[in-house]
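Chemist: One file is attached below, coords-v8.pdb, containing PDB, C-alpha atoms.
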```pdb
MODEL        1
ATOM      1  CA  MET A   1     -25.673 -15.256  22.160
ATOM      2  CA  SER A   2     -28.985 -13.689  21.111
ATOM      3  CA  SER A   3     -31.775 -15.999  22.217
ATOM      4  CA  PRO A   4     -35.012 -14.424  23.546
ATOM      5  CA  SER A   5     -34.917 -13.684  27.259
ATOM      6  CA  PRO A   6     -37.831 -14.381  29.625
ATOM      7  CA  ASN A   7     -37.114 -11.114  31.440
ATOM      8  CA  LEU A   8     -37.597  -8.990  28.285
ATOM      9  CA  PRO A   9     -40.879  -8.097  26.515
ATOM     10  CA  ARG A  10     -42.075 -10.302  23.702
ATOM     11  CA  GLY A  11     -40.416  -9.572  20.367
ATOM     12  CA  VAL A  12     -37.224  -7.924  21.625
ATOM     13  CA  GLN A  13     -33.826  -9.385  22.443
ATOM     14  CA  ALA A  14     -30.409  -8.438  23.748
ATOM     15  CA  LEU A  15     -27.359  -9.113  21.581
ATOM     16  CA  LEU A  16     -24.318 -10.181  23.554
ATOM     17  CA  PHE A  17     -20.698 -10.560  22.522
ATOM     18  CA  ASP A  18     -20.455 -12.460  19.207
ATOM     19  CA  SER A  19     -23.992 -11.487  18.137
ATOM     20  CA  ALA A  20     -23.355  -7.827  18.913
ATOM     21  CA  GLU A  21     -20.020  -7.868  17.078
ATOM     22  CA  ARG A  22     -21.609  -9.546  14.061
ATOM     23  CA  ARG A  23     -24.360  -6.919  13.878
ATOM     24  CA  ARG A  24     -21.870  -4.058  14.114
ATOM     25  CA  ARG A  25     -19.665  -5.630  11.450
ATOM     26  CA  VAL A  26     -22.565  -5.876   8.995
ATOM     27  CA  GLU A  27     -23.776  -2.384   9.887
ATOM     28  CA  GLU A  28     -20.352  -0.833   9.364
ATOM     29  CA  SER A  29     -20.006  -2.571   5.994
ATOM     30  CA  VAL A  30     -23.273  -1.045   4.780
ATOM     31  CA  VAL A  31     -22.464   2.376   6.255
ATOM     32  CA  ARG A  32     -19.076   2.356   4.555
ATOM     33  CA  ALA A  33     -20.688   1.674   1.173
ATOM     34  CA  LEU A  34     -23.174   4.516   1.677
ATOM     35  CA  ALA A  35     -20.495   6.970   2.747
ATOM     36  CA  GLU A  36     -18.364   6.071  -0.273
ATOM     37  CA  ALA A  37     -21.401   6.739  -2.481
ATOM     38  CA  GLY A  38     -21.671  10.277  -1.077
ATOM     39  CA  PHE A  39     -24.357   9.863   1.577
ATOM     40  CA  ARG A  40     -23.904  11.695   4.882
ATOM     41  CA  GLU A  41     -25.112  10.415   8.233
ATOM     42  CA  THR A  42     -28.119  11.852  10.055
ATOM     43  CA  VAL A  43     -29.066  10.853  13.597
ATOM     44  CA  LEU A  44     -32.836  10.792  14.062
ATOM     45  CA  PRO A  45     -34.745  10.770  17.368
ATOM     46  CA  VAL A  46     -36.541   7.732  18.664
ATOM     47  CA  LEU A  47     -39.585   9.831  19.727
ATOM     48  CA  ASP A  48     -41.786  12.213  17.764
ATOM     49  CA  PHE A  49     -45.290  13.618  17.808
ATOM     50  CA  SER A  50     -47.799  11.000  16.697
ATOM     51  CA  ALA A  51     -50.159  13.086  14.547
ATOM     52  CA  PRO A  52     -47.870  13.689  11.523
ATOM     53  CA  TYR A  53     -47.661   9.945  10.860
ATOM     54  CA  ASP A  54     -51.382   9.216  10.683
ATOM     55  CA  GLY A  55     -51.995   7.373   7.405
ATOM     56  CA  VAL A  56     -48.354   7.670   6.385
ATOM     57  CA  THR A  57     -46.201   4.970   7.944
ATOM     58  CA  ALA A  58     -45.251   1.906   5.953
ATOM     59  CA  GLU A  59     -46.424  -0.528   8.598
ATOM     60  CA  GLY A  60     -49.830   0.952   9.334
ATOM     61  CA  ASP A  61     -50.930   3.291  12.101
ATOM     62  CA  GLU A  62     -52.256   0.447  14.229
ATOM     63  CA  ARG A  63     -48.693  -0.812  14.704
ATOM     64  CA  LEU A  64     -47.379   2.431  16.181
ATOM     65  CA  TYR A  65     -46.581   2.513  19.880
ATOM     66  CA  ARG A  66     -48.262   5.686  21.149
ATOM     67  CA  PHE A  67     -48.334   7.229  24.595
ATOM     68  CA  VAL A  68     -49.178  10.534  26.270
ATOM     69  CA  ASP A  69     -46.296  12.337  27.938
ATOM     70  CA  ARG A  70     -46.516  14.409  31.122
ATOM     71  CA  GLY A  71     -47.326  17.531  29.104
ATOM     72  CA  GLY A  72     -50.317  15.875  27.504
ATOM     73  CA  GLU A  73     -48.698  15.479  24.075
ATOM     74  CA  LEU A  74     -49.467  12.302  22.110
ATOM     75  CA  LEU A  75     -46.096  10.834  21.117
ATOM     76  CA  ALA A  76     -45.020   7.743  19.168
ATOM     77  CA  LEU A  77     -41.959   5.539  19.104
ATOM     78  CA  ARG A  78     -40.093   5.452  15.798
ATOM     79  CA  ALA A  79     -41.720   2.806  13.575
ATOM     80  CA  ASP A  80     -40.508   3.937  10.144
ATOM     81  CA  PHE A  81     -37.419   6.016   9.344
ATOM     82  CA  THR A  82     -38.461   7.476   5.979
ATOM     83  CA  PRO A  83     -41.328   9.763   7.097
ATOM     84  CA  MET A  84     -39.269  10.957  10.067
ATOM     85  CA  ALA A  85     -36.266  11.761   7.866
ATOM     86  CA  ALA A  86     -38.468  13.684   5.434
ATOM     87  CA  ARG A  87     -40.119  15.615   8.258
ATOM     88  CA  VAL A  88     -36.768  16.592   9.756
ATOM     89  CA  VAL A  89     -35.111  17.585   6.475
ATOM     90  CA  ALA A  90     -38.035  19.322   4.719
ATOM     91  CA  PRO A  91     -37.835  22.665   6.624
ATOM     92  CA  ARG A  92     -34.096  22.826   5.901
ATOM     93  CA  LEU A  93     -34.141  22.002   2.185
ATOM     94  CA  ALA A  94     -34.090  25.628   1.038
ATOM     95  CA  GLY A  95     -30.709  26.151   2.689
ATOM     96  CA  LEU A  96     -29.062  22.911   1.563
ATOM     97  CA  PRO A  97     -27.212  22.206  -1.685
ATOM     98  CA  MET A  98     -29.216  19.836  -3.840
ATOM     99  CA  PRO A  99     -29.529  16.953  -4.107
ATOM    100  CA  VAL A 100     -29.454  15.956  -0.452
ATOM    101  CA  ALA A 101     -28.129  12.436   0.162
ATOM    102  CA  LEU A 102     -28.346  11.137   3.721
ATOM    103  CA  PHE A 103     -28.304   7.882   5.622
ATOM    104  CA  TYR A 104     -29.346   6.825   9.103
ATOM    105  CA  ARG A 105     -29.110   3.793  11.338
ATOM    106  CA  GLY A 106     -30.863   2.570  14.435
ATOM    107  CA  ASP A 107     -33.840   0.559  15.597
ATOM    108  CA  VAL A 108     -37.528   0.869  14.789
ATOM    109  CA  VAL A 109     -40.256  -0.617  16.957
ATOM    110  CA  ARG A 110     -43.607  -1.870  15.687
ATOM    111  CA  ASP A 111     -46.450  -3.712  17.374
ATOM    112  CA  GLU A 112     -46.316  -6.782  15.147
ATOM    113  CA  PRO A 113     -48.929  -9.565  15.368
ATOM    114  CA  SER A 114     -48.244 -12.095  18.119
ATOM    115  CA  GLY A 115     -46.323 -15.248  17.320
ATOM    116  CA  VAL A 116     -43.312 -17.290  18.330
ATOM    117  CA  GLY A 117     -40.151 -15.644  17.077
ATOM    118  CA  LYS A 118     -41.962 -12.572  15.723
ATOM    119  CA  PRO A 119     -39.735  -9.524  16.321
ATOM    120  CA  ARG A 120     -41.089  -6.123  17.290
ATOM    121  CA  GLU A 121     -37.741  -4.315  17.263
ATOM    122  CA  PHE A 122     -35.772  -4.122  14.022
ATOM    123  CA  ALA A 123     -32.269  -2.793  13.310
ATOM    124  CA  GLN A 124     -32.112  -0.759  10.106
ATOM    125  CA  VAL A 125     -29.637   1.197   8.005
ATOM    126  CA  GLY A 126     -31.314   3.315   5.336
ATOM    127  CA  ALA A 127     -30.585   6.027   2.789
ATOM    128  CA  GLU A 128     -32.651   8.801   1.218
ATOM    129  CA  LEU A 129     -32.036  11.099  -1.754
ATOM    130  CA  TYR A 130     -33.961  14.377  -2.023
ATOM    131  CA  GLY A 131     -34.066  16.842  -4.904
ATOM    132  CA  ASP A 132     -33.385  14.646  -7.935
ATOM    133  CA  GLY A 133     -36.482  13.520  -9.815
ATOM    134  CA  SER A 134     -34.621  11.770 -12.626
ATOM    135  CA  PHE A 135     -34.871   8.077 -13.364
ATOM    136  CA  GLU A 136     -31.074   8.000 -13.350
ATOM    137  CA  ALA A 137     -31.280   8.883  -9.657
ATOM    138  CA  ASP A 138     -33.481   5.818  -9.151
ATOM    139  CA  LEU A 139     -30.900   3.669 -10.905
ATOM    140  CA  GLY A 140     -28.176   5.243  -8.777
ATOM    141  CA  MET A 141     -30.020   4.303  -5.587
ATOM    142  CA  LEU A 142     -30.478   0.778  -6.921
ATOM    143  CA  ARG A 143     -26.747   0.452  -7.656
ATOM    144  CA  THR A 144     -25.944   1.824  -4.201
ATOM    145  CA  LEU A 145     -28.171  -0.804  -2.622
ATOM    146  CA  LEU A 146     -26.520  -3.618  -4.562
ATOM    147  CA  GLY A 147     -23.105  -2.264  -3.638
ATOM    148  CA  ALA A 148     -24.055  -2.162   0.039
ATOM    149  CA  ALA A 149     -24.876  -5.879  -0.192
ATOM    150  CA  ALA A 150     -21.467  -6.665  -1.664
ATOM    151  CA  GLU A 151     -20.659  -9.228   1.034
ATOM    152  CA  VAL A 152     -23.529 -11.451  -0.139
ATOM    153  CA  PRO A 153     -22.635 -13.440  -3.309
ATOM    154  CA  SER A 154     -24.696 -12.374  -6.323
ATOM    155  CA  GLU A 155     -25.874 -15.939  -6.890
ATOM    156  CA  ARG A 156     -27.706 -15.831  -3.544
ATOM    157  CA  LEU A 157     -29.464 -12.522  -4.215
ATOM    158  CA  VAL A 158     -32.984 -12.051  -5.590
ATOM    159  CA  LEU A 159     -34.000  -8.518  -6.569
ATOM    160  CA  THR A 160     -37.727  -7.877  -6.902
ATOM    161  CA  LEU A 161     -38.654  -4.811  -8.954
ATOM    162  CA  GLY A 162     -42.065  -3.163  -9.122
ATOM    163  CA  TRP A 163     -43.715   0.137  -9.974
ATOM    164  CA  ALA A 164     -46.174   1.897  -7.668
ATOM    165  CA  GLY A 165     -49.599   2.145  -9.281
ATOM    166  CA  LEU A 166     -48.769  -0.028 -12.274
ATOM    167  CA  LEU A 167     -50.758  -3.065 -11.119
ATOM    168  CA  PRO A 168     -54.128  -1.244 -10.841
ATOM    169  CA  ALA A 169     -53.423   0.493 -14.157
ATOM    170  CA  LEU A 170     -52.709  -2.863 -15.802
ATOM    171  CA  LEU A 171     -55.815  -4.551 -14.393
ATOM    172  CA  SER A 172     -57.996  -1.620 -15.481
ATOM    173  CA  ALA A 173     -56.478  -1.721 -18.967
ATOM    174  CA  VAL A 174     -57.016  -5.445 -19.583
ATOM    175  CA  ALA A 175     -60.424  -5.557 -17.861
ATOM    176  CA  PRO A 176     -62.178  -2.174 -18.281
ATOM    177  CA  GLY A 177     -65.295  -3.455 -16.547
ATOM    178  CA  LEU A 178     -63.460  -3.423 -13.208
ATOM    179  CA  VAL A 179     -64.063   0.325 -13.100
ATOM    180  CA  ASN A 180     -67.422   1.871 -13.953
ATOM    181  CA  ARG A 181     -69.615   4.634 -12.656
ATOM    182  CA  LYS A 182     -71.959   2.445 -10.636
ATOM    183  CA  LYS A 183     -69.603   0.079  -8.859
ATOM    184  CA  SER A 184     -65.855  -0.447  -8.966
ATOM    185  CA  THR A 185     -64.523  -3.953  -8.353
ATOM    186  CA  LEU A 186     -60.913  -2.889  -8.880
ATOM    187  CA  ASP A 187     -60.098  -2.993  -5.165
ATOM    188  CA  ALA A 188     -61.365  -6.559  -4.938
ATOM    189  CA  ALA A 189     -59.261  -7.548  -7.953
ATOM    190  CA  LEU A 190     -56.199  -5.915  -6.397
ATOM    191  CA  ALA A 191     -56.796  -7.811  -3.156
ATOM    192  CA  ASP A 192     -56.957 -11.068  -5.104
ATOM    193  CA  ALA A 193     -53.763 -10.197  -6.970
ATOM    194  CA  ARG A 194     -51.796  -9.325  -3.838
ATOM    195  CA  ALA A 195     -53.004 -12.480  -2.094
ATOM    196  CA  ARG A 196     -52.058 -14.528  -5.204
ATOM    197  CA  ARG A 197     -55.588 -15.888  -5.569
ATOM    198  CA  VAL A 198     -54.928 -16.422  -9.252
ATOM    199  CA  GLY A 199     -57.976 -18.543 -10.070
ATOM    200  CA  ARG A 200     -60.379 -16.045  -8.569
ATOM    201  CA  LEU A 201     -58.548 -13.132 -10.199
ATOM    202  CA  SER A 202     -58.627 -14.769 -13.622
ATOM    203  CA  GLU A 203     -62.384 -15.271 -13.357
ATOM    204  CA  ARG A 204     -62.881 -11.691 -12.183
ATOM    205  CA  LEU A 205     -60.827 -10.291 -15.065
ATOM    206  CA  ARG A 206     -62.707 -12.291 -17.695
ATOM    207  CA  ALA A 207     -66.032 -11.208 -16.222
ATOM    208  CA  ALA A 208     -64.864  -7.591 -16.494
ATOM    209  CA  GLY A 209     -63.975  -7.833 -20.183
ATOM    210  CA  ALA A 210     -60.448  -9.273 -20.300
ATOM    211  CA  THR A 211     -59.653 -11.759 -23.025
ATOM    212  CA  PRO A 212     -58.959 -15.284 -21.757
ATOM    213  CA  ARG A 213     -55.347 -14.948 -22.896
ATOM    214  CA  ALA A 214     -54.795 -11.653 -21.046
ATOM    215  CA  ALA A 215     -56.493 -12.949 -17.893
ATOM    216  CA  GLU A 216     -54.324 -16.066 -17.955
ATOM    217  CA  GLU A 217     -51.096 -14.119 -18.527
ATOM    218  CA  VAL A 218     -51.766 -11.637 -15.722
ATOM    219  CA  SER A 219     -52.729 -14.386 -13.288
ATOM    220  CA  GLY A 220     -49.743 -16.557 -14.200
ATOM    221  CA  ALA A 221     -47.352 -13.618 -13.853
ATOM    222  CA  LEU A 222     -48.372 -13.255 -10.211
ATOM    223  CA  LEU A 223     -46.711 -16.611  -9.579
ATOM    224  CA  SER A 224     -43.762 -16.482 -11.976
ATOM    225  CA  GLY A 225     -43.070 -12.761 -12.476
ATOM    226  CA  PHE A 226     -44.160 -10.246 -15.101
ATOM    227  CA  ASP A 227     -42.430  -9.611 -18.418
ATOM    228  CA  PRO A 228     -42.207  -5.822 -19.002
ATOM    229  CA  ALA A 229     -41.675  -6.527 -22.719
ATOM    230  CA  SER A 230     -45.072  -8.259 -22.970
ATOM    231  CA  ALA A 231     -47.725  -6.840 -25.275
ATOM    232  CA  LEU A 232     -49.805  -6.317 -22.115
ATOM    233  CA  PHE A 233     -47.794  -3.142 -21.535
ATOM    234  CA  ASP A 234     -48.103  -1.695 -25.042
ATOM    235  CA  LEU A 235     -50.707   0.888 -24.031
ATOM    236  CA  PRO A 236     -49.157   4.359 -23.520
ATOM    237  CA  VAL A 237     -50.465   4.504 -19.942
ATOM    238  CA  LEU A 238     -48.383   1.408 -19.147
ATOM    239  CA  ALA A 239     -45.481   1.523 -21.591
ATOM    240  CA  GLU A 240     -43.285   4.143 -19.900
ATOM    241  CA  ALA A 241     -43.237   2.334 -16.563
ATOM    242  CA  ALA A 242     -42.607  -1.000 -18.306
ATOM    243  CA  ARG A 243     -39.620   0.458 -20.178
ATOM    244  CA  ALA A 244     -38.264   1.871 -16.921
ATOM    245  CA  LEU A 245     -38.571  -1.524 -15.232
ATOM    246  CA  THR A 246     -36.673  -3.137 -18.100
ATOM    247  CA  SER A 247     -33.909  -0.533 -17.749
ATOM    248  CA  ALA A 248     -33.746  -1.069 -13.984
ATOM    249  CA  GLY A 249     -33.446  -4.826 -14.432
ATOM    250  CA  ARG A 250     -30.671  -4.369 -16.976
ATOM    251  CA  ALA A 251     -28.782  -1.934 -14.705
ATOM    252  CA  ALA A 252     -29.045  -4.327 -11.755
ATOM    253  CA  GLY A 253     -27.737  -7.227 -13.819
ATOM    254  CA  THR A 254     -24.786  -5.138 -14.953
ATOM    255  CA  ALA A 255     -24.002  -4.025 -11.396
ATOM    256  CA  ARG A 256     -24.214  -7.530  -9.958
ATOM    257  CA  PRO A 257     -23.787 -10.248 -12.644
ATOM    258  CA  GLY A 258     -25.465 -13.467 -11.580
ATOM    259  CA  LEU A 259     -28.197 -11.654  -9.649
ATOM    260  CA  GLU A 260     -31.749 -12.965 -10.149
ATOM    261  CA  VAL A 261     -34.234 -10.221 -11.087
ATOM    262  CA  VAL A 262     -37.991 -10.704 -10.723
ATOM    263  CA  PHE A 263     -40.649  -8.212 -11.851
ATOM    264  CA  ASP A 264     -43.519  -8.463  -9.374
ATOM    265  CA  LEU A 265     -46.161  -5.743  -9.600
ATOM    266  CA  ALA A 266     -48.110  -7.143  -6.642
ATOM    267  CA  ALA A 267     -45.183  -6.877  -4.232
ATOM    268  CA  ALA A 268     -44.850  -3.083  -4.163
ATOM    269  CA  PRO A 269     -44.227  -1.768  -0.610
ATOM    270  CA  ALA A 270     -47.294  -1.154   1.513
ATOM    271  CA  ALA A 271     -46.560   2.502   2.309
ATOM    272  CA  PRO A 272     -48.936   4.882   0.501
ATOM    273  CA  TYR A 273     -46.220   7.361  -0.423
ATOM    274  CA  TYR A 274     -44.439   5.368  -3.182
ATOM    275  CA  THR A 275     -44.840   6.798  -6.686
ATOM    276  CA  GLY A 276     -42.450   4.998  -9.052
ATOM    277  CA  LEU A 277     -39.764   2.322  -9.038
ATOM    278  CA  THR A 278     -39.844   0.023  -6.015
ATOM    279  CA  PHE A 279     -37.388  -2.705  -5.077
ATOM    280  CA  ALA A 280     -36.779  -5.432  -2.523
ATOM    281  CA  LEU A 281     -33.667  -7.527  -1.985
ATOM    282  CA  ASP A 282     -33.647 -11.024  -0.522
ATOM    283  CA  ALA A 283     -30.976 -13.680  -0.075
ATOM    284  CA  SER A 284     -31.568 -17.391  -0.460
ATOM    285  CA  GLY A 285     -31.207 -19.120   2.885
ATOM    286  CA  GLY A 286     -31.835 -15.877   4.758
ATOM    287  CA  THR A 287     -34.419 -15.452   7.492
ATOM    288  CA  GLY A 288     -35.648 -11.991   6.531
ATOM    289  CA  ARG A 289     -35.651  -9.332   3.837
ATOM    290  CA  LEU A 290     -32.321  -7.568   3.336
ATOM    291  CA  ALA A 291     -33.666  -4.292   1.982
ATOM    292  CA  ALA A 292     -36.695  -2.586   0.454
ATOM    293  CA  GLY A 293     -37.621   0.868  -0.803
ATOM    294  CA  GLY A 294     -38.302   2.962  -3.856
ATOM    295  CA  ARG A 295     -39.210   6.397  -5.167
ATOM    296  CA  TYR A 296     -41.730   8.486  -3.251
ATOM    297  CA  ASP A 297     -42.813  11.935  -4.385
ATOM    298  CA  ARG A 298     -46.035  12.321  -2.370
ATOM    299  CA  LEU A 299     -44.622  12.103   1.146
TER     300      LEU A 299
ENDMDL
END
```
Would it be possible to restate this file's structure as structure tokens?

Modeler:
Amino acid sequence: MSSPSPNLPRGVQALLFDSAERRRRVEESVVRALAEAGFRETVLPVLDFSAPYDGVTAEGDERLYRFVDRGGELLALRADFTPMAARVVAPRLAGLPMPVALFYRGDVVRDEPSGVGKPREFAQVGAELYGDGSFEADLGMLRTLLGAAAEVPSERLVLTLGWAGLLPALLSAVAPGLVNRKKSTLDAALADARARRVGRLSERLRAAGATPRAAEEVSGALLSGFDPASALFDLPVLAEAARALTSAGRAAGTARPGLEVVFDLAAAPAAPYYTGLTFALDASGGTGRLAAGGRYDRL
């Protein structure tokens, strides 16, 4: 029993009996996988000062619930675990053995746009790894994620891989005219790409110097997925990230045979702190995303 209640605010619900037991069962399955992988639990507060999250949270500052407490401090409800975890752990890093592997669980609350069935409270279990900048650490986090989703058959899973910053680098490489001293149209091209306006993007790329073939391949890949082995990524500024994406796709397929892997450079998470490999996991027939994340070195 988990239907919306007229005596609760829009976007929140109470889970009773079977629904509550089902949520705990799924949560404990994920937590068990994280603990077995060496992650230790951290309990994070639901309240914090608001100022440290300006321009940082994944969902945008306008979706934070802010209020002034009796002491005059501007506080915010927890809307994103990752910045809070980093803020709590950072002052303690010098005294901790590296790397630091932690996980957390709980709810986040965001002021989502209005709409029937649109939730504002979300249950999450997440994991963070600090102090290991290697790509092997990225692959380890990816394998941990796929292991935590072990109860979902591989044939139902779709893993989307991306690389923060690779899409603007690719567009600039194939269409140099997008960026010049007088006026940059790169942001407009990126907006077209992320909105999948492929016809408009193709025209914009050709006008900025892309060959018809390159413009067509980039635009088509926004609908069907990119190929990291394509000649589009031969330039040194692109090649390293493309090779890493290929390796990540291969590692995911080995960890979960039968898994579908899609390379989508326009689907990188919205948070500004991501710097490398990004990933998202969905299940066919599901009603929401199972997981998302990636490397962040600027947070």

Chemist: Evaluate the PyMOL selection byres ((chain A and resi 85-98) around 10) against this structure - the residues, as a list in words, please.

Modeler: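 Evaluating the PyMOL selection byres ((chain A and resi 85-98) around 10) on these coordinates yields Thr42, Val43, Leu44, Pro45, Pro52, Tyr53, Asp80, Phe81, Thr82, Pro83, Met84, Pro99, Val100, Ala101, Leu102, Phe103, Tyr104, Ala127, Glu128, Leu129, Tyr130, Gly131, Asp132 and Leu299 of chain A.
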
Chemist: Taking the file above as input, evaluate the PyMOL selection byres ((chain A and resi 35) around 12) and report the hits as a VMD selection string.

Modeler: chain A and resid 28 to 34 36 to 42 101 to 104 126 to 127 144 147 to 148

Chemist: In Å, how far is it from atom CA of A:Gly177 to atom CA of A:Gly209?

Modeler: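 Result for atom CA of A:Gly177 versus atom CA of A:Gly209: 5.8 Å, one decimal.
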
Chemist: Would you kindly return, as an MDAnalysis selection string, each protein, DNA or RNA residue with an atom no farther than 12 Å from any atom of A:Ser224, considering all atoms listed in the file and excluding same-chain residues fewer than 4 positions away?

Modeler: chainID A and resid 160 196 198 217:220 261:266

Chemist: Include C-alpha atoms and write out the residues we just selected as a short mmCIF file (atom, residue, chain, number, x, y, z; two decimals), in the coordinates of the input.

Modeler:
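Wrote it out as again33.cif, contents follow:
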```
data_model
loop_
_atom_site.label_atom_id
_atom_site.label_comp_id
_atom_site.auth_asym_id
_atom_site.auth_seq_id
_atom_site.Cartn_x
_atom_site.Cartn_y
_atom_site.Cartn_z
CA THR A 160 -37.73 -7.88 -6.90
CA ARG A 196 -52.06 -14.53 -5.20
CA VAL A 198 -54.93 -16.42 -9.25
CA GLU A 217 -51.10 -14.12 -18.53
CA VAL A 218 -51.77 -11.64 -15.72
CA SER A 219 -52.73 -14.39 -13.29
CA GLY A 220 -49.74 -16.56 -14.20
CA VAL A 261 -34.23 -10.22 -11.09
CA VAL A 262 -37.99 -10.70 -10.72
CA PHE A 263 -40.65 -8.21 -11.85
CA ASP A 264 -43.52 -8.46 -9.37
CA LEU A 265 -46.16 -5.74 -9.60
CA ALA A 266 -48.11 -7.14 -6.64
#
```

Chemist: Separation of atom CA of A:Arg143 and atom CA of A:Ala251, in Å?

Modeler: 7.7 Å

Chemist: Under the rule of at most 7 Å, produce a per-residue listing of stretch 133-216 of chain A near stretch 271-290 of chain A: chain, number, name, the closest pair of atoms, and the distance in Å, as a tab-separated table, using all atoms listed in the file.

Modeler:
```
residue	atom	partner	partner_atom	distance
A:Arg156	CA	A:Ser284	CA	5.2
A:Leu157	CA	A:Ala283	CA	4.6
A:Val158	CA	A:Asp282	CA	5.2
A:Leu159	CA	A:Leu281	CA	4.7
A:Thr160	CA	A:Ala280	CA	5.1
A:Leu161	CA	A:Phe279	CA	4.6
A:Gly162	CA	A:Thr278	CA	5.0
A:Trp163	CA	A:Leu277	CA	4.6
A:Ala164	CA	A:Gly276	CA	5.0
```
